[in-house]
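Structure data (mmCIF, C-alpha atoms) from target-v9.cif:
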```cif
data_protein
#
loop_
_atom_site.label_atom_id
_atom_site.label_comp_id
_atom_site.auth_asym_id
_atom_site.auth_seq_id
_atom_site.Cartn_x
_atom_site.Cartn_y
_atom_site.Cartn_z
CA MET A 1198 6.38 15.27 13.46
CA ASP A 1199 5.64 11.78 14.68
CA ALA A 1200 4.06 9.38 12.24
CA GLN A 1201 0.28 9.31 12.49
CA VAL A 1202 -2.36 6.67 11.88
CA VAL A 1203 -4.05 7.44 8.55
CA ASN A 1204 -7.70 6.57 8.03
CA LEU A 1205 -7.99 6.40 4.26
CA ALA A 1206 -11.74 7.07 4.06
CA LYS A 1207 -11.52 10.02 6.42
CA LYS A 1208 -8.64 11.53 4.47
CA LEU A 1209 -10.65 11.13 1.27
CA ASP A 1210 -13.59 12.89 2.92
CA THR A 1211 -11.51 16.04 3.34
CA PHE A 1212 -11.49 17.02 -0.34
CA SER A 1213 -13.59 16.63 -3.45
CA LYS A 1214 -11.38 17.72 -6.35
CA HIS A 1215 -10.61 15.05 -8.91
CA TRP A 1216 -7.10 14.19 -10.18
CA SER A 1217 -5.46 15.95 -7.26
CA PRO A 1218 -3.34 13.42 -5.36
CA LYS A 1219 -2.73 14.17 -1.67
CA THR A 1220 0.31 12.82 0.11
CA ILE A 1221 -0.81 11.28 3.39
CA GLU A 1222 2.41 9.58 4.48
CA GLN A 1223 5.86 8.66 3.25
CA PHE A 1224 7.49 5.27 3.06
CA ASN A 1225 11.05 4.43 1.96
CA GLY A 1226 11.33 7.43 -0.34
CA HIS A 1227 7.83 6.99 -1.70
CA ASP A 1228 4.73 9.13 -1.29
CA LEU A 1229 1.58 7.34 -0.14
CA MET A 1230 -1.23 9.32 -1.73
CA VAL A 1231 -4.98 9.29 -1.87
CA VAL A 1232 -6.80 10.60 -4.92
CA LYS A 1233 -10.34 10.83 -6.32
CA CYS A 1234 -10.74 10.27 -10.04
CA GLN A 1235 -13.54 10.21 -12.55
CA GLY A 1236 -13.21 9.92 -16.30
CA GLU A 1237 -10.10 9.15 -18.30
CA PHE A 1238 -6.52 10.07 -17.54
CA ASN A 1239 -3.98 10.53 -20.31
CA TRP A 1240 -1.82 7.72 -21.63
CA HIS A 1241 1.59 7.74 -19.96
CA SER A 1242 4.33 5.55 -18.57
CA HIS A 1243 7.04 5.84 -15.93
CA ASP A 1244 10.46 4.63 -17.05
CA ASP A 1245 11.88 4.36 -13.56
CA THR A 1246 9.05 3.24 -11.31
CA ASP A 1247 6.23 0.77 -11.00
CA ASP A 1248 2.82 2.32 -10.41
CA PHE A 1249 0.77 1.07 -7.43
CA PHE A 1250 -3.04 1.35 -7.37
CA LEU A 1251 -5.35 0.18 -4.57
CA VAL A 1252 -9.07 0.87 -4.89
CA VAL A 1253 -10.35 2.17 -1.56
CA LYS A 1254 -13.87 2.70 -2.93
CA GLY A 1255 -15.41 2.26 -6.35
CA ALA A 1256 -14.15 0.70 -9.55
CA LEU A 1257 -11.25 1.46 -11.87
CA LYS A 1258 -10.14 0.27 -15.26
CA ILE A 1259 -6.45 0.39 -16.08
CA GLU A 1260 -5.97 0.27 -19.82
CA MET A 1261 -2.65 -0.89 -21.16
CA ARG A 1262 -1.87 -1.23 -24.86
CA GLU A 1263 -2.11 -5.03 -24.70
CA ARG A 1264 -4.91 -5.49 -22.19
CA THR A 1265 -7.23 -3.84 -19.69
CA VAL A 1266 -7.66 -4.81 -16.04
CA GLU A 1267 -10.62 -3.92 -13.85
CA LEU A 1268 -10.30 -3.30 -10.12
CA LYS A 1269 -13.01 -3.07 -7.50
CA THR A 1270 -12.89 -1.97 -3.87
CA GLY A 1271 -10.17 -3.83 -1.99
CA GLU A 1272 -8.23 -4.77 -5.12
CA LEU A 1273 -4.76 -3.64 -6.10
CA PHE A 1274 -2.68 -3.67 -9.24
CA VAL A 1275 0.92 -2.73 -9.99
CA VAL A 1276 1.64 -1.37 -13.47
CA PRO A 1277 5.22 -2.40 -14.20
CA LYS A 1278 7.65 0.40 -15.02
CA GLY A 1279 7.80 1.34 -18.66
CA ILE A 1280 4.31 0.03 -19.44
CA GLU A 1281 2.10 2.63 -21.05
CA HIS A 1282 -1.26 2.92 -19.34
CA ARG A 1283 -4.20 5.12 -18.58
CA THR A 1284 -6.86 4.91 -15.91
CA VAL A 1285 -10.58 5.08 -16.67
CA ALA A 1286 -13.28 5.47 -14.03
CA ASP A 1287 -16.89 5.64 -15.19
CA GLU A 1288 -17.93 6.81 -11.72
CA GLU A 1289 -15.89 8.49 -9.02
CA VAL A 1290 -13.25 6.15 -7.61
CA HIS A 1291 -11.10 6.58 -4.50
CA LEU A 1292 -7.54 5.29 -4.69
CA LEU A 1293 -4.40 4.76 -2.66
CA LEU A 1294 -1.35 5.39 -4.85
CA ILE A 1295 2.32 4.81 -4.14
CA GLU A 1296 5.05 6.49 -6.17
CA PRO A 1297 8.58 7.59 -5.44
CA THR A 1298 8.57 11.06 -3.95
CA GLY A 1299 8.84 13.54 -6.80
CA THR A 1300 7.45 11.29 -9.55
CA PRO A 1301 5.22 13.28 -11.94
CA ASN A 1302 1.84 11.53 -12.16
CA THR A 1303 1.73 11.91 -15.92
CA GLY A 1304 5.27 10.63 -16.41
CA ASP A 1305 6.16 14.22 -17.43
CA ALA A 1306 6.93 17.00 -14.96
CA ALA A 1307 5.50 19.62 -17.32
CA THR A 1308 1.97 18.20 -17.22
CA ALA A 1309 1.92 16.61 -13.77
CA ALA A 1310 -0.63 17.47 -11.13
CA ALA A 1311 0.81 19.25 -8.10
CA ARG A 1312 0.98 17.19 -4.95
CA GLU A 1313 0.07 18.50 -1.58
CA GLU A 1314 0.22 16.97 1.85
CA ILE A 1315 -2.88 16.64 3.97
CA MET B 1303 4.02 -13.64 -15.86
CA ASP B 1304 1.85 -10.62 -16.43
CA ALA B 1305 0.86 -8.62 -13.39
CA GLN B 1306 -2.52 -9.63 -11.98
CA VAL B 1307 -5.26 -7.84 -10.12
CA VAL B 1308 -5.04 -8.84 -6.45
CA ASN B 1309 -8.18 -9.01 -4.36
CA LEU B 1310 -6.86 -8.69 -0.82
CA ALA B 1311 -9.77 -10.38 0.94
CA LYS B 1312 -9.76 -13.30 -1.47
CA LYS B 1313 -6.02 -13.78 -1.05
CA LEU B 1314 -6.48 -13.77 2.72
CA ASP B 1315 -9.21 -16.40 2.38
CA THR B 1316 -6.71 -18.85 0.90
CA PHE B 1317 -4.81 -19.53 4.13
CA SER B 1318 -5.39 -19.55 7.88
CA LYS B 1319 -1.93 -19.77 9.44
CA HIS B 1320 -0.93 -16.83 11.60
CA TRP B 1321 2.38 -14.92 11.28
CA SER B 1322 3.01 -16.33 7.83
CA PRO B 1323 3.29 -13.43 5.36
CA LYS B 1324 2.42 -14.21 1.75
CA THR B 1325 3.87 -12.17 -1.08
CA ILE B 1326 1.07 -11.23 -3.46
CA GLU B 1327 2.84 -8.77 -5.71
CA GLN B 1328 6.07 -6.82 -6.03
CA PHE B 1329 6.59 -3.08 -6.35
CA ASN B 1330 9.87 -1.19 -6.83
CA GLY B 1331 11.96 -3.83 -5.09
CA HIS B 1332 9.44 -4.33 -2.32
CA ASP B 1333 7.20 -7.27 -1.50
CA LEU B 1334 3.51 -6.55 -1.07
CA MET B 1335 2.37 -9.14 1.47
CA VAL B 1336 -0.81 -10.18 3.21
CA VAL B 1337 -0.67 -11.75 6.64
CA LYS B 1338 -3.02 -12.89 9.41
CA CYS B 1339 -1.92 -12.23 12.98
CA GLN B 1340 -3.24 -12.79 16.45
CA GLY B 1341 -1.43 -12.16 19.71
CA GLU B 1342 1.89 -10.42 20.21
CA PHE B 1343 4.87 -10.32 17.93
CA ASN B 1344 8.38 -9.85 19.29
CA TRP B 1345 10.01 -6.45 19.72
CA HIS B 1346 12.20 -5.61 16.76
CA SER B 1347 13.32 -2.83 14.45
CA HIS B 1348 14.59 -2.51 10.90
CA ASP B 1349 17.64 -0.32 10.51
CA ASP B 1350 17.26 0.12 6.77
CA THR B 1351 13.56 0.26 6.05
CA ASP B 1352 10.31 1.78 7.16
CA ASP B 1353 7.57 -0.72 7.98
CA PHE B 1354 4.17 -0.30 6.27
CA PHE B 1355 0.97 -1.65 7.84
CA LEU B 1356 -2.55 -1.39 6.41
CA VAL B 1357 -5.39 -3.09 8.26
CA VAL B 1358 -7.56 -4.93 5.72
CA LYS B 1359 -9.83 -6.34 8.44
CA GLY B 1360 -9.78 -6.14 12.22
CA ALA B 1361 -7.78 -4.07 14.66
CA LEU B 1362 -4.07 -3.82 15.44
CA LYS B 1363 -2.00 -2.13 18.10
CA ILE B 1364 1.54 -1.14 17.22
CA GLU B 1365 3.53 -0.64 20.39
CA MET B 1366 6.63 1.50 20.24
CA ARG B 1367 8.80 2.31 23.25
CA GLU B 1368 7.44 5.86 23.47
CA ARG B 1369 3.82 5.34 22.45
CA THR B 1370 1.23 2.94 21.09
CA VAL B 1371 -0.98 3.49 18.05
CA GLU B 1372 -4.22 1.63 17.30
CA LEU B 1373 -5.37 0.88 13.77
CA LYS B 1374 -8.76 -0.27 12.55
CA THR B 1375 -9.92 -1.54 9.17
CA GLY B 1376 -8.93 0.88 6.42
CA GLU B 1377 -6.20 2.54 8.47
CA LEU B 1378 -2.48 2.52 7.77
CA PHE B 1379 0.66 3.36 9.70
CA VAL B 1380 4.32 3.55 8.77
CA VAL B 1381 6.82 2.68 11.49
CA PRO B 1382 9.93 4.74 10.67
CA LYS B 1383 13.15 2.81 10.18
CA GLY B 1384 15.12 2.19 13.31
CA ILE B 1385 12.10 2.51 15.62
CA GLU B 1386 11.66 -0.52 17.85
CA HIS B 1387 8.11 -1.85 17.76
CA ARG B 1388 5.91 -4.85 18.18
CA THR B 1389 2.41 -5.59 16.95
CA VAL B 1390 -0.39 -6.76 19.23
CA ALA B 1391 -3.73 -8.10 17.99
CA ASP B 1392 -6.27 -9.21 20.58
CA GLU B 1393 -8.33 -10.85 17.82
CA GLU B 1394 -7.26 -12.06 14.41
CA VAL B 1395 -6.29 -9.17 12.16
CA HIS B 1396 -5.67 -9.15 8.40
CA LEU B 1397 -2.92 -6.88 7.12
CA LEU B 1398 -1.26 -5.62 3.98
CA LEU B 1399 2.47 -5.20 4.59
CA ILE B 1400 5.16 -3.65 2.40
CA GLU B 1401 8.83 -4.34 2.94
CA PRO B 1402 11.86 -4.44 0.68
CA THR B 1403 12.19 -7.86 -0.89
CA GLY B 1404 14.35 -9.97 1.38
CA THR B 1405 13.73 -8.05 4.62
CA PRO B 1406 13.43 -10.42 7.60
CA ASN B 1407 10.14 -9.71 9.39
CA THR B 1408 11.78 -9.85 12.80
CA GLY B 1409 14.67 -7.62 11.79
CA ASP B 1410 16.89 -10.71 12.09
CA ALA B 1411 17.27 -13.32 9.35
CA ALA B 1412 17.82 -16.08 11.91
CA THR B 1413 14.36 -15.74 13.44
CA ALA B 1414 12.37 -14.45 10.46
CA ALA B 1415 9.28 -16.18 9.12
CA ALA B 1416 9.71 -17.65 5.67
CA ARG B 1417 7.87 -15.83 2.90
CA GLU B 1418 6.03 -17.58 0.17
CA GLU B 1419 4.24 -16.30 -2.87
CA ILE B 1420 0.57 -17.00 -3.42
#
```

Would you write out, as structure tokens, the structure that this file holds?
Amino acid sequence: MDAQVVNLAKKLDTFSKHWSPKTIEQFNGHDLMVVKCQGEFNWHSHDDTDDFFLVVKGALKIEMRERTVELKTGELFVVPKGIEHRTVADEEVHLLLIEPTGTPNTGDAATAAAREEI
Amino acid sequence: MDAQVVNLAKKLDTFSKHWSPKTIEQFNGHDLMVVKCQGEFNWHSHDDTDDFFLVVKGALKIEMRERTVELKTGELFVVPKGIEHRTVADEEVHLLLIEPTGTPNTGDAATAAAREEI
């Protein structure tokens, strides 16, 4: 199928479930995903990939062992590979994520959320 | 240096020159870049990489030989590798681009715009 223009807000309007990343496009072996989150994710790291976060709407804290960063709408952050982190959102936050296709979101295939394309 | 939170709009406020991509972060061997464009770019393609465009502000047409897509603020499009394309912006548009570090923006090192980090 031909590549399509993706409107991030409209894609995010199509679902409500938290912690359920949806692949919206692919890029150089990576999945571009949108996700809605609220609350705390588990601590994890990815040995082989950086972790890209862009806040489409809302606010997100990314806690690392040494420091915490706070992102608002229109802000992005890349967690370097191997750095343990967890995300915390006091209210619902909408994100664009980029990870290599097949990367488990928890850093562990056994506990990873399933990905689906929308 | 530790990774920093990047506010896309604030980064774009720091320069006014068109067609001058600025690397704001790196991710898995790719440069994350912001750029301001107005007018038409030249036709080109990248044999080895997809081309990621996200409109941070404004509107952008991406012309391909077979079809043209139009993107507004908050919309993204990935031009598949090898597909000839050019961008057209009737008014100034602000973009987030992702390309492998070192990729010439014209598909040809001889005519590519220099990248700088901000």

Evaluate the PyMOL selection byres ((chain B) within 7 of (chain A)) here and jot the selected residues down as a ChimeraX atom specification. /B:1305-1310,1329-1330,1351-1352,1373,1376-1380

Superimpose chain B on chain A so that the squared distances between all in-order C-alpha pairs are minimised, and send the result as a compact mmCIF listing (two decimals) with C-alpha atoms, in the coordinates of the input.
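Dumped everything to result-v6.txt:
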```txt
# COMPACT_ATOMS: atom_id res chain seq x y z
CA MET B 1303 6.39 15.24 13.43
CA ASP B 1304 5.64 11.77 14.68
CA ALA B 1305 4.06 9.38 12.24
CA GLN B 1306 0.27 9.28 12.50
CA VAL B 1307 -2.37 6.67 11.90
CA VAL B 1308 -4.05 7.44 8.57
CA ASN B 1309 -7.69 6.57 8.05
CA LEU B 1310 -8.00 6.40 4.28
CA ALA B 1311 -11.73 7.07 4.07
CA LYS B 1312 -11.52 10.03 6.42
CA LYS B 1313 -8.63 11.53 4.46
CA LEU B 1314 -10.65 11.13 1.27
CA ASP B 1315 -13.59 12.89 2.93
CA THR B 1316 -11.51 16.05 3.34
CA PHE B 1317 -11.48 17.02 -0.34
CA SER B 1318 -13.60 16.63 -3.46
CA LYS B 1319 -11.38 17.72 -6.34
CA HIS B 1320 -10.62 15.05 -8.91
CA TRP B 1321 -7.10 14.19 -10.18
CA SER B 1322 -5.47 15.95 -7.26
CA PRO B 1323 -3.34 13.42 -5.35
CA LYS B 1324 -2.75 14.16 -1.67
CA THR B 1325 0.30 12.81 0.11
CA ILE B 1326 -0.80 11.27 3.40
CA GLU B 1327 2.39 9.57 4.49
CA GLN B 1328 5.85 8.65 3.25
CA PHE B 1329 7.50 5.25 3.07
CA ASN B 1330 11.05 4.41 1.96
CA GLY B 1331 11.33 7.41 -0.33
CA HIS B 1332 7.84 6.99 -1.70
CA ASP B 1333 4.73 9.10 -1.28
CA LEU B 1334 1.59 7.33 -0.12
CA MET B 1335 -1.22 9.32 -1.74
CA VAL B 1336 -4.99 9.29 -1.86
CA VAL B 1337 -6.80 10.60 -4.90
CA LYS B 1338 -10.33 10.84 -6.30
CA CYS B 1339 -10.75 10.28 -10.03
CA GLN B 1340 -13.53 10.21 -12.55
CA GLY B 1341 -13.21 9.91 -16.30
CA GLU B 1342 -10.09 9.16 -18.30
CA PHE B 1343 -6.53 10.06 -17.54
CA ASN B 1344 -3.98 10.53 -20.32
CA TRP B 1345 -1.80 7.71 -21.63
CA HIS B 1346 1.59 7.73 -19.97
CA SER B 1347 4.34 5.55 -18.56
CA HIS B 1348 7.05 5.84 -15.94
CA ASP B 1349 10.45 4.64 -17.05
CA ASP B 1350 11.87 4.36 -13.55
CA THR B 1351 9.06 3.22 -11.32
CA ASP B 1352 6.23 0.76 -11.01
CA ASP B 1353 2.82 2.32 -10.40
CA PHE B 1354 0.77 1.06 -7.42
CA PHE B 1355 -3.03 1.33 -7.36
CA LEU B 1356 -5.35 0.17 -4.57
CA VAL B 1357 -9.07 0.87 -4.89
CA VAL B 1358 -10.35 2.18 -1.55
CA LYS B 1359 -13.87 2.69 -2.92
CA GLY B 1360 -15.40 2.27 -6.36
CA ALA B 1361 -14.16 0.70 -9.55
CA LEU B 1362 -11.25 1.46 -11.87
CA LYS B 1363 -10.14 0.26 -15.27
CA ILE B 1364 -6.45 0.38 -16.08
CA GLU B 1365 -5.98 0.26 -19.82
CA MET B 1366 -2.65 -0.89 -21.17
CA ARG B 1367 -1.86 -1.24 -24.87
CA GLU B 1368 -2.11 -5.04 -24.71
CA ARG B 1369 -4.91 -5.51 -22.20
CA THR B 1370 -7.23 -3.86 -19.69
CA VAL B 1371 -7.65 -4.82 -16.04
CA GLU B 1372 -10.62 -3.91 -13.84
CA LEU B 1373 -10.30 -3.29 -10.12
CA LYS B 1374 -13.00 -3.08 -7.48
CA THR B 1375 -12.89 -1.97 -3.86
CA GLY B 1376 -10.17 -3.82 -1.97
CA GLU B 1377 -8.24 -4.76 -5.11
CA LEU B 1378 -4.76 -3.63 -6.08
CA PHE B 1379 -2.67 -3.67 -9.23
CA VAL B 1380 0.91 -2.75 -9.99
CA VAL B 1381 1.63 -1.38 -13.46
CA PRO B 1382 5.23 -2.41 -14.20
CA LYS B 1383 7.65 0.39 -15.02
CA GLY B 1384 7.81 1.34 -18.65
CA ILE B 1385 4.31 0.01 -19.44
CA GLU B 1386 2.11 2.64 -21.06
CA HIS B 1387 -1.27 2.90 -19.35
CA ARG B 1388 -4.19 5.11 -18.58
CA THR B 1389 -6.86 4.90 -15.91
CA VAL B 1390 -10.58 5.07 -16.68
CA ALA B 1391 -13.28 5.48 -14.03
CA ASP B 1392 -16.89 5.65 -15.19
CA GLU B 1393 -17.93 6.81 -11.71
CA GLU B 1394 -15.88 8.50 -9.02
CA VAL B 1395 -13.26 6.16 -7.61
CA HIS B 1396 -11.10 6.57 -4.50
CA LEU B 1397 -7.54 5.27 -4.68
CA LEU B 1398 -4.41 4.75 -2.66
CA LEU B 1399 -1.36 5.37 -4.85
CA ILE B 1400 2.33 4.80 -4.14
CA GLU B 1401 5.04 6.47 -6.17
CA PRO B 1402 8.58 7.58 -5.44
CA THR B 1403 8.56 11.05 -3.94
CA GLY B 1404 8.83 13.54 -6.78
CA THR B 1405 7.45 11.31 -9.55
CA PRO B 1406 5.23 13.29 -11.94
CA ASN B 1407 1.84 11.55 -12.18
CA THR B 1408 1.73 11.93 -15.95
CA GLY B 1409 5.28 10.69 -16.43
CA ASP B 1410 6.16 14.26 -17.46
CA ALA B 1411 6.93 17.04 -14.99
CA ALA B 1412 5.51 19.67 -17.34
CA THR B 1413 1.98 18.25 -17.25
CA ALA B 1414 1.93 16.65 -13.79
CA ALA B 1415 -0.62 17.51 -11.14
CA ALA B 1416 0.81 19.27 -8.12
CA ARG B 1417 0.96 17.19 -4.96
CA GLU B 1418 0.06 18.52 -1.59
CA GLU B 1419 0.21 16.98 1.83
CA ILE B 1420 -2.89 16.64 3.96
```

May I have the protein, DNA and RNA residues with an atom at most 8 Å from (4.1, -5.5, 21.2), counting only C-alpha atoms in the file's coordinates, returned as a list in words?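 I get Glu1342, Phe1343, Asn1344, Trp1345, Lys1363, Ile1364, Glu1365, Met1366, His1387, Arg1388, Thr1389 and Val1390 of chain B for the residues within 8 Å of that point.
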
Determine the nearest neighbour of Gly1404 (chain B) from the options B:Leu1334, B:Leu1362, B:Gln1340, B:Glu1368, counting all atoms listed in the file.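 Among B:Leu1334, B:Leu1362, B:Gln1340, B:Glu1368, it is B:Leu1334 that comes nearest to Gly1404 (chain B).
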
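Coordinates place CA of His1396 (chain B) at a distance of 20.9 Å from CA of Ser1347 (chain B).
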